[in-house]
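Only one structure is covered here, and it is reproduced in the block below.
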Amino acid sequence: MTDDALETETRSDIQWYQDQIPIRGCLLNLPQIKSAYRELATLTKTEGERIVSNLRKPDNVSDDDFKTHNESLKIDAFRVTVSIVGFDGQITYGDSEHIFDSNNLPSPIRTIFFTNENSYKNHASGTEPPNRFSIWLHFDKPPLFDPYPILSEPTRNSSNATINAQDVGYYRAVQNIINSKLCSTKKWYSFIHGKFVYDAGLWIIAFPYSIYWITKSSDYLFPTGGVYNSFRLGFYLYFLALALIIYRSFFGYAKWAFPVNVLEENKDRAYRHRIILGAIVFSLFISGIEAMVSLTFLSGQ
């Protein structure tokens, strides 16, 4: 007996519900991901019960064979398959929640992918299921010094959940699982990976800060009317350009030390770098406050 009956399940002309949910700025762990997988697997099993119950028995198939075939379909065609990929290229593949407890998982983990499409396609001549999802979780770090020229764009990370459904109840159920299980633990620093954050930091903080200290240093080293007064413009332009390069490097360093998504089991070793960054930011903040107080005091005289 073939599984052509599953193919016909997706051919009706009905409305689709689609969504792509970005999964960014999250702190995740394997038990948390396992919990999301378990709920999605239960939903997939329920979906299988519905689809198989609507299949029609071919005339040339006995009742017992049809029943046995349908029970087999429920087990084999409605699974959530998982691929876990390490930074060294090692891949662990499975179709049950026990994969997350395996001692053979790659370490550290770079990508986790799971979907209900693959098992269905194997029994439906490559046809996609009527209600489906695919979830990508990436734990890559951005480059320490990002050469990418468009820094206004969000940090590149394609972690997301894609939902395509004919049934609105299924669509809402998958949305709820993703939002409650995978998107609920946002990191406080996730904003640094957003759109235009680099520009905001440049124009609101870095640029004014640099102008103040470069102007102050220029007045001290090359006072107006002094012997080396002609060096003021060159000094100003050179160190302003240098300050912008330092800011760009510092921003890339911060995004590397505080990556888009973090998996606890990877035991990220950037903790010391975060302390260093915190100390630098704190010292810059204190010096900025002192400069503002100094300017306020001088303006009041």
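Residue numbers start at 1 in each chain; chains themselves are named A, B, ... in the order of the structure tokens; ligands are numbered from 1 in the order shown.
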Within 10 Å of region 137-161 of chain A, which residues of region 249-274 of chain A come that close, and what is the closest atom pair and distance in Å for each? Count only C-alpha atoms and give it as a Markdown table.
```
| residue | atom | partner | partner_atom | distance |
| --- | --- | --- | --- | --- |
| A:Ser249 | CA | A:Phe145 | CA | 5.9 |
| A:Phe250 | CA | A:Phe145 | CA | 8.5 |
| A:Phe251 | CA | A:Phe145 | CA | 8.6 |
| A:Gly252 | CA | A:Phe145 | CA | 5.3 |
| A:Tyr253 | CA | A:Leu144 | CA | 5.3 |
| A:Ala254 | CA | A:Leu144 | CA | 8.4 |
| A:Lys255 | CA | A:Pro142 | CA | 6.7 |
| A:Trp256 | CA | A:Leu144 | CA | 5.4 |
| A:Ala257 | CA | A:Lys141 | CA | 8.2 |
| A:Phe258 | CA | A:Lys141 | CA | 8.4 |
| A:Pro259 | CA | A:Lys141 | CA | 5.4 |
| A:Val260 | CA | A:Asn157 | CA | 7.1 |
| A:Asn261 | CA | A:Phe139 | CA | 5.5 |
| A:Val262 | CA | A:Phe139 | CA | 6.0 |
| A:Leu263 | CA | A:Phe139 | CA | 6.8 |
| A:Asn266 | CA | A:Phe139 | CA | 9.0 |
```
Store the residues picked out above, limited to N, CA, C and O atoms, as a PDB file, in the first residue's frame.
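Resulting contents of part35.pdb:
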```
ATOM      1  N   SER A 249      35.566  49.286  16.552  1.00  0.00           N
ATOM      2  CA  SER A 249      36.193  48.083  17.095  1.00  0.00           C
ATOM      3  C   SER A 249      35.584  47.708  18.442  1.00  0.00           C
ATOM      4  O   SER A 249      35.328  46.532  18.724  1.00  0.00           O
ATOM      5  N   PHE A 250      35.339  48.708  19.269  1.00  0.00           N
ATOM      6  CA  PHE A 250      34.752  48.476  20.589  1.00  0.00           C
ATOM      7  C   PHE A 250      33.344  47.903  20.454  1.00  0.00           C
ATOM      8  O   PHE A 250      32.961  46.983  21.193  1.00  0.00           O
ATOM      9  N   PHE A 251      32.579  48.420  19.500  1.00  0.00           N
ATOM     10  CA  PHE A 251      31.210  47.944  19.303  1.00  0.00           C
ATOM     11  C   PHE A 251      31.212  46.486  18.833  1.00  0.00           C
ATOM     12  O   PHE A 251      30.413  45.673  19.303  1.00  0.00           O
ATOM     13  N   GLY A 252      32.136  46.158  17.904  1.00  0.00           N
ATOM     14  CA  GLY A 252      32.256  44.775  17.454  1.00  0.00           C
ATOM     15  C   GLY A 252      32.687  43.848  18.578  1.00  0.00           C
ATOM     16  O   GLY A 252      32.218  42.704  18.690  1.00  0.00           O
ATOM     17  N   TYR A 253      33.591  44.324  19.428  1.00  0.00           N
ATOM     18  CA  TYR A 253      34.058  43.558  20.586  1.00  0.00           C
ATOM     19  C   TYR A 253      32.896  43.279  21.538  1.00  0.00           C
ATOM     20  O   TYR A 253      32.745  42.172  22.067  1.00  0.00           O
ATOM     21  N   ALA A 254      32.041  44.287  21.751  1.00  0.00           N
ATOM     22  CA  ALA A 254      30.888  44.125  22.645  1.00  0.00           C
ATOM     23  C   ALA A 254      29.907  43.091  22.090  1.00  0.00           C
ATOM     24  O   ALA A 254      29.382  42.255  22.832  1.00  0.00           O
ATOM     25  N   LYS A 255      29.660  43.116  20.789  1.00  0.00           N
ATOM     26  CA  LYS A 255      28.730  42.151  20.189  1.00  0.00           C
ATOM     27  C   LYS A 255      29.293  40.734  20.238  1.00  0.00           C
ATOM     28  O   LYS A 255      28.540  39.773  20.342  1.00  0.00           O
ATOM     29  N   TRP A 256      30.632  40.617  20.169  1.00  0.00           N
ATOM     30  CA  TRP A 256      31.256  39.293  20.277  1.00  0.00           C
ATOM     31  C   TRP A 256      31.155  38.779  21.712  1.00  0.00           C
ATOM     32  O   TRP A 256      30.862  37.604  21.944  1.00  0.00           O
ATOM     33  N   ALA A 257      31.398  39.639  22.682  1.00  0.00           N
ATOM     34  CA  ALA A 257      31.374  39.232  24.086  1.00  0.00           C
ATOM     35  C   ALA A 257      29.952  38.963  24.575  1.00  0.00           C
ATOM     36  O   ALA A 257      29.744  38.164  25.493  1.00  0.00           O
ATOM     37  N   PHE A 258      28.978  39.657  23.981  1.00  0.00           N
ATOM     38  CA  PHE A 258      27.566  39.470  24.331  1.00  0.00           C
ATOM     39  C   PHE A 258      26.824  39.006  23.080  1.00  0.00           C
ATOM     40  O   PHE A 258      26.177  39.814  22.397  1.00  0.00           O
ATOM     41  N   PRO A 259      26.918  37.722  22.703  1.00  0.00           N
ATOM     42  CA  PRO A 259      26.351  37.248  21.428  1.00  0.00           C
ATOM     43  C   PRO A 259      24.826  37.318  21.393  1.00  0.00           C
ATOM     44  O   PRO A 259      24.164  37.516  22.421  1.00  0.00           O
ATOM     45  N   VAL A 260      24.282  37.130  20.190  1.00  0.00           N
ATOM     46  CA  VAL A 260      22.839  37.262  19.974  1.00  0.00           C
ATOM     47  C   VAL A 260      22.065  36.269  20.836  1.00  0.00           C
ATOM     48  O   VAL A 260      21.174  36.634  21.600  1.00  0.00           O
ATOM     49  N   ASN A 261      22.383  34.980  20.716  1.00  0.00           N
ATOM     50  CA  ASN A 261      21.744  33.938  21.512  1.00  0.00           C
ATOM     51  C   ASN A 261      22.814  33.154  22.271  1.00  0.00           C
ATOM     52  O   ASN A 261      23.918  32.943  21.752  1.00  0.00           O
ATOM     53  N   VAL A 262      22.465  32.732  23.467  1.00  0.00           N
ATOM     54  CA  VAL A 262      23.413  32.000  24.309  1.00  0.00           C
ATOM     55  C   VAL A 262      22.783  30.681  24.738  1.00  0.00           C
ATOM     56  O   VAL A 262      21.628  30.654  25.200  1.00  0.00           O
ATOM     57  N   LEU A 263      23.520  29.584  24.586  1.00  0.00           N
ATOM     58  CA  LEU A 263      23.108  28.283  25.096  1.00  0.00           C
ATOM     59  C   LEU A 263      23.940  27.991  26.341  1.00  0.00           C
ATOM     60  O   LEU A 263      25.173  27.947  26.277  1.00  0.00           O
ATOM     61  N   ASN A 266      26.819  25.489  26.415  1.00  0.00           N
ATOM     62  CA  ASN A 266      28.051  25.779  25.673  1.00  0.00           C
ATOM     63  C   ASN A 266      29.144  26.359  26.563  1.00  0.00           C
ATOM     64  O   ASN A 266      30.315  26.389  26.178  1.00  0.00           O
TER      65      ASN A 266
END
```
Quick one: residues within 12 Å of Arg38 (chain A), only C-alpha atoms, excluding same-chain residues fewer than 3 positions away - as a PyMOL selection string? chain A and resi 30-35+41-45+79-82+95-100+114+174+177-178+181
Keeping N, CA, C and O atoms for every residue in the selection just given, could you write it to a file as a short mmCIF file (atom, residue, chain, number, x, y, z; two decimals), in the first residue's frame?
```cif
data_model
loop_
_atom_site.label_atom_id
_atom_site.label_comp_id
_atom_site.auth_asym_id
_atom_site.auth_seq_id
_atom_site.Cartn_x
_atom_site.Cartn_y
_atom_site.Cartn_z
N LEU A 30 19.24 23.34 27.22
CA LEU A 30 18.70 22.14 26.59
C LEU A 30 17.38 21.67 27.20
O LEU A 30 16.47 21.26 26.46
N PRO A 31 17.21 21.70 28.54
CA PRO A 31 15.90 21.33 29.08
C PRO A 31 14.77 22.22 28.58
O PRO A 31 13.65 21.75 28.33
N GLN A 32 15.04 23.50 28.42
CA GLN A 32 14.05 24.44 27.90
C GLN A 32 13.69 24.10 26.45
O GLN A 32 12.50 24.09 26.07
N ILE A 33 14.69 23.82 25.63
CA ILE A 33 14.45 23.46 24.23
C ILE A 33 13.74 22.11 24.15
O ILE A 33 12.85 21.90 23.32
N LYS A 34 14.13 21.20 25.04
CA LYS A 34 13.48 19.88 25.10
C LYS A 34 11.99 20.03 25.43
O LYS A 34 11.14 19.33 24.86
N SER A 35 11.66 20.94 26.33
CA SER A 35 10.27 21.17 26.70
C SER A 35 9.47 21.68 25.50
O SER A 35 8.33 21.25 25.27
N ALA A 41 5.95 18.05 19.61
CA ALA A 41 5.78 16.64 19.23
C ALA A 41 4.37 16.16 19.57
O ALA A 41 3.75 15.40 18.81
N THR A 42 3.85 16.58 20.73
CA THR A 42 2.48 16.21 21.12
C THR A 42 1.47 16.81 20.15
O THR A 42 0.51 16.15 19.73
N LEU A 43 1.70 18.06 19.76
CA LEU A 43 0.82 18.71 18.79
C LEU A 43 0.87 18.00 17.45
O LEU A 43 -0.16 17.82 16.78
N THR A 44 2.06 17.57 17.04
CA THR A 44 2.22 16.85 15.77
C THR A 44 1.51 15.51 15.82
O THR A 44 0.89 15.08 14.83
N LYS A 45 1.60 14.83 16.95
CA LYS A 45 0.91 13.55 17.11
C LYS A 45 -0.60 13.72 17.00
O LYS A 45 -1.29 12.93 16.34
N ARG A 79 6.33 12.73 13.19
CA ARG A 79 7.41 12.90 14.17
C ARG A 79 8.05 14.27 13.97
O ARG A 79 7.97 14.85 12.89
N VAL A 80 8.69 14.75 15.00
CA VAL A 80 9.48 15.99 14.91
C VAL A 80 10.94 15.58 14.89
O VAL A 80 11.46 15.04 15.87
N THR A 81 11.59 15.78 13.76
CA THR A 81 12.99 15.38 13.62
C THR A 81 13.91 16.51 14.08
O THR A 81 13.60 17.69 13.92
N VAL A 82 15.05 16.13 14.65
CA VAL A 82 15.98 17.09 15.23
C VAL A 82 17.38 16.87 14.68
O VAL A 82 17.84 15.73 14.57
N ASP A 95 14.69 11.73 16.42
CA ASP A 95 13.28 12.08 16.25
C ASP A 95 12.49 11.83 17.54
O ASP A 95 11.32 11.48 17.51
N SER A 96 13.17 12.03 18.68
CA SER A 96 12.50 11.95 19.97
C SER A 96 13.18 12.91 20.94
O SER A 96 14.30 13.36 20.71
N GLU A 97 12.50 13.21 22.02
CA GLU A 97 13.03 14.18 22.98
C GLU A 97 14.27 13.66 23.71
O GLU A 97 15.02 14.44 24.30
N HIS A 98 14.52 12.36 23.64
CA HIS A 98 15.67 11.78 24.35
C HIS A 98 17.00 12.24 23.76
O HIS A 98 18.04 12.09 24.41
N ILE A 99 16.97 12.77 22.56
CA ILE A 99 18.21 13.25 21.95
C ILE A 99 18.85 14.35 22.80
O ILE A 99 20.08 14.47 22.86
N PHE A 100 18.02 15.13 23.49
CA PHE A 100 18.55 16.24 24.28
C PHE A 100 19.25 15.76 25.56
O PHE A 100 19.93 16.54 26.22
N PHE A 114 14.75 21.76 14.30
CA PHE A 114 13.73 20.70 14.32
C PHE A 114 12.49 21.13 13.55
O PHE A 114 12.16 22.31 13.46
N VAL A 174 1.26 26.65 17.88
CA VAL A 174 2.71 26.68 17.63
C VAL A 174 3.28 28.04 18.03
O VAL A 174 4.34 28.11 18.65
N ILE A 177 3.68 28.12 21.83
CA ILE A 177 4.80 27.29 22.31
C ILE A 177 6.13 28.00 22.08
O ILE A 177 7.00 28.04 22.96
N ILE A 178 6.29 28.57 20.91
CA ILE A 178 7.55 29.25 20.58
C ILE A 178 7.77 30.46 21.47
O ILE A 178 8.85 30.66 22.03
N LYS A 181 8.20 29.25 25.30
CA LYS A 181 9.30 28.34 25.62
C LYS A 181 10.66 28.84 25.11
O LYS A 181 11.68 28.62 25.76
#
```
Fewer than 4 positions away in the same chain doesn't count, so skip those; otherwise give me all residues within 7 Å of region 210-216 of chain A, counting only C-alpha atoms, as an MDAnalysis selection string. chainID A and resid 206 220 236 239:240 243
Give me a file of those residues, with all heavy atoms, as a PDB file, in the first residue's frame.
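Result saved to part36.pdb:
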```
ATOM      1  N   ALA A 206      29.416  58.405  21.228  1.00  0.00           N
ATOM      2  CA  ALA A 206      30.814  58.348  20.789  1.00  0.00           C
ATOM      3  C   ALA A 206      31.280  59.643  20.134  1.00  0.00           C
ATOM      4  O   ALA A 206      32.371  60.146  20.448  1.00  0.00           O
ATOM      5  CB  ALA A 206      31.007  57.175  19.831  1.00  0.00           C
ATOM      6  N   TYR A 220      44.943  72.343  24.702  1.00  0.00           N
ATOM      7  CA  TYR A 220      46.078  72.235  25.628  1.00  0.00           C
ATOM      8  C   TYR A 220      47.413  72.136  24.881  1.00  0.00           C
ATOM      9  O   TYR A 220      48.394  72.782  25.236  1.00  0.00           O
ATOM     10  CB  TYR A 220      45.885  71.021  26.532  1.00  0.00           C
ATOM     11  CG  TYR A 220      47.042  70.776  27.478  1.00  0.00           C
ATOM     12  CD1 TYR A 220      47.194  71.549  28.631  1.00  0.00           C
ATOM     13  CD2 TYR A 220      47.978  69.776  27.209  1.00  0.00           C
ATOM     14  CE1 TYR A 220      48.264  71.326  29.496  1.00  0.00           C
ATOM     15  CE2 TYR A 220      49.036  69.547  28.060  1.00  0.00           C
ATOM     16  CZ  TYR A 220      49.188  70.332  29.208  1.00  0.00           C
ATOM     17  OH  TYR A 220      50.242  70.111  30.057  1.00  0.00           O
ATOM     18  N   TYR A 236      43.174  67.437  14.999  1.00  0.00           N
ATOM     19  CA  TYR A 236      41.741  67.241  15.210  1.00  0.00           C
ATOM     20  C   TYR A 236      41.194  66.156  14.271  1.00  0.00           C
ATOM     21  O   TYR A 236      40.508  65.223  14.703  1.00  0.00           O
ATOM     22  CB  TYR A 236      41.020  68.559  14.972  1.00  0.00           C
ATOM     23  CG  TYR A 236      39.649  68.635  15.594  1.00  0.00           C
ATOM     24  CD1 TYR A 236      39.482  69.124  16.875  1.00  0.00           C
ATOM     25  CD2 TYR A 236      38.523  68.217  14.876  1.00  0.00           C
ATOM     26  CE1 TYR A 236      38.222  69.199  17.454  1.00  0.00           C
ATOM     27  CE2 TYR A 236      37.272  68.281  15.445  1.00  0.00           C
ATOM     28  CZ  TYR A 236      37.124  68.778  16.736  1.00  0.00           C
ATOM     29  OH  TYR A 236      35.879  68.834  17.308  1.00  0.00           O
ATOM     30  N   PHE A 239      42.757  62.462  15.023  1.00  0.00           N
ATOM     31  CA  PHE A 239      42.277  61.773  16.221  1.00  0.00           C
ATOM     32  C   PHE A 239      40.763  61.568  16.201  1.00  0.00           C
ATOM     33  O   PHE A 239      40.264  60.642  16.837  1.00  0.00           O
ATOM     34  CB  PHE A 239      42.712  62.533  17.480  1.00  0.00           C
ATOM     35  CG  PHE A 239      44.127  62.220  17.870  1.00  0.00           C
ATOM     36  CD1 PHE A 239      45.165  63.018  17.470  1.00  0.00           C
ATOM     37  CD2 PHE A 239      44.409  61.076  18.600  1.00  0.00           C
ATOM     38  CE1 PHE A 239      46.475  62.721  17.816  1.00  0.00           C
ATOM     39  CE2 PHE A 239      45.712  60.761  18.955  1.00  0.00           C
ATOM     40  CZ  PHE A 239      46.761  61.582  18.559  1.00  0.00           C
ATOM     41  N   LEU A 240      40.032  62.379  15.461  1.00  0.00           N
ATOM     42  CA  LEU A 240      38.603  62.120  15.310  1.00  0.00           C
ATOM     43  C   LEU A 240      38.387  60.847  14.492  1.00  0.00           C
ATOM     44  O   LEU A 240      37.546  60.005  14.840  1.00  0.00           O
ATOM     45  CB  LEU A 240      37.925  63.308  14.633  1.00  0.00           C
ATOM     46  CG  LEU A 240      36.390  63.212  14.491  1.00  0.00           C
ATOM     47  CD1 LEU A 240      35.734  63.053  15.851  1.00  0.00           C
ATOM     48  CD2 LEU A 240      35.842  64.425  13.763  1.00  0.00           C
ATOM     49  N   ALA A 243      39.287  57.952  16.690  1.00  0.00           N
ATOM     50  CA  ALA A 243      38.243  57.696  17.684  1.00  0.00           C
ATOM     51  C   ALA A 243      37.091  56.907  17.072  1.00  0.00           C
ATOM     52  O   ALA A 243      36.533  56.003  17.710  1.00  0.00           O
ATOM     53  CB  ALA A 243      37.727  59.021  18.248  1.00  0.00           C
TER      54      ALA A 243
END
```
DSSP on the backbone, strand (DSSP E or B) only: what residues of region 5-158 of chain A does that give? Format it as a ChimeraX atom specification. /A:17-22,26-28,81-86,91-94,109-115,132-138
So that I have them on file, write out the residues from the current selection with N, CA and C atoms, as a compact mmCIF listing (two decimals), in the first residue's frame.
```
# COMPACT_ATOMS: atom_id res chain seq x y z
N TYR A 17 -2.20 30.37 6.92
CA TYR A 17 -1.70 31.25 7.97
C TYR A 17 -0.19 31.07 8.04
N GLN A 18 0.53 32.16 7.93
CA GLN A 18 1.99 32.09 7.90
C GLN A 18 2.59 33.11 8.86
N ASP A 19 3.71 32.71 9.45
CA ASP A 19 4.42 33.63 10.34
C ASP A 19 5.88 33.18 10.43
N GLN A 20 6.76 34.16 10.61
CA GLN A 20 8.17 33.87 10.88
C GLN A 20 8.56 34.67 12.12
N ILE A 21 8.85 33.96 13.19
CA ILE A 21 9.13 34.57 14.48
C ILE A 21 10.64 34.59 14.70
N PRO A 22 11.26 35.77 14.78
CA PRO A 22 12.69 35.82 15.08
C PRO A 22 12.96 35.40 16.52
N CYS A 26 18.18 35.74 23.25
CA CYS A 26 17.64 34.79 24.22
C CYS A 26 18.73 33.97 24.91
N LEU A 27 18.52 33.69 26.18
CA LEU A 27 19.34 32.75 26.93
C LEU A 27 18.57 31.44 27.00
N LEU A 28 19.11 30.39 26.39
CA LEU A 28 18.42 29.11 26.31
C LEU A 28 19.24 28.01 26.96
N THR A 81 11.59 15.78 13.76
CA THR A 81 12.99 15.38 13.62
C THR A 81 13.91 16.51 14.08
N VAL A 82 15.05 16.13 14.65
CA VAL A 82 15.98 17.09 15.23
C VAL A 82 17.38 16.87 14.68
N SER A 83 18.05 17.96 14.35
CA SER A 83 19.47 17.93 13.98
C SER A 83 20.21 18.89 14.90
N ILE A 84 21.26 18.40 15.56
CA ILE A 84 22.08 19.22 16.45
C ILE A 84 23.50 19.21 15.89
N VAL A 85 23.98 20.40 15.53
CA VAL A 85 25.26 20.54 14.84
C VAL A 85 26.25 21.26 15.74
N GLY A 86 27.48 20.72 15.81
CA GLY A 86 28.52 21.34 16.61
C GLY A 86 29.39 22.27 15.79
N ILE A 91 27.40 16.13 13.78
CA ILE A 91 25.94 16.23 13.72
C ILE A 91 25.32 15.05 14.45
N THR A 92 24.37 15.35 15.32
CA THR A 92 23.58 14.31 15.98
C THR A 92 22.14 14.47 15.51
N TYR A 93 21.55 13.36 15.07
CA TYR A 93 20.21 13.40 14.48
C TYR A 93 19.29 12.47 15.27
N GLY A 94 18.04 12.89 15.44
CA GLY A 94 17.08 12.05 16.15
C GLY A 94 15.66 12.47 15.88
N ILE A 109 27.62 23.43 20.99
CA ILE A 109 26.58 23.31 19.97
C ILE A 109 26.47 24.61 19.19
N ARG A 110 26.47 24.48 17.89
CA ARG A 110 26.35 25.65 17.02
C ARG A 110 24.91 25.89 16.56
N THR A 111 24.20 24.81 16.19
CA THR A 111 22.86 24.95 15.62
C THR A 111 21.97 23.81 16.09
N ILE A 112 20.72 24.13 16.38
CA ILE A 112 19.69 23.12 16.64
C ILE A 112 18.54 23.40 15.68
N PHE A 113 18.14 22.37 14.97
CA PHE A 113 17.05 22.51 13.99
C PHE A 113 16.04 21.40 14.21
N PHE A 114 14.75 21.76 14.30
CA PHE A 114 13.73 20.70 14.32
C PHE A 114 12.49 21.13 13.55
N THR A 115 11.84 20.11 12.98
CA THR A 115 10.70 20.34 12.10
C THR A 115 9.81 19.10 12.05
N ARG A 132 2.62 22.91 9.33
CA ARG A 132 4.04 22.59 9.51
C ARG A 132 4.80 23.75 10.15
N PHE A 133 5.94 23.40 10.70
CA PHE A 133 6.82 24.40 11.33
C PHE A 133 8.26 23.95 11.15
N SER A 134 9.16 24.92 11.16
CA SER A 134 10.60 24.67 11.16
C SER A 134 11.23 25.67 12.11
N ILE A 135 12.11 25.19 12.98
CA ILE A 135 12.74 26.05 13.99
C ILE A 135 14.25 25.93 13.89
N TRP A 136 14.91 27.07 13.73
CA TRP A 136 16.37 27.16 13.68
C TRP A 136 16.85 27.94 14.90
N LEU A 137 17.78 27.35 15.63
CA LEU A 137 18.41 28.04 16.75
C LEU A 137 19.91 28.07 16.50
N HIS A 138 20.45 29.26 16.30
CA HIS A 138 21.88 29.42 16.02
C HIS A 138 22.56 30.10 17.21
```
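CA of Val52 (chain A) is positioned 6.3 Å from CA of Asn70 (chain A).
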Run DSSP on the backbone and tell me which residues of region 106-301 of chain A come out as alpha helix (DSSP H); list them as a PyMOL selection string. chain A and resi 117-121+168-181+197-201+207-221+232-257+271-299
Near region 117-121 of chain A, within 6 Å and counting only C-alpha atoms, which residues show up once chain neighbours fewer than 5 positions away are dropped, as number ranges by chain? A: 77-79, 126-128
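Counting only C-alpha atoms, the residue from A:Ser217, A:Ser180, A:Asn131, A:Gln90 that sits nearest to Val168 (chain A) is A:Asn131.
If you measure from each of A:Ala124, A:Cys183, A:Ile51, A:Leu105 to Ile23 (chain A) using only C-alpha atoms, the closest one turns out to be A:Cys183.
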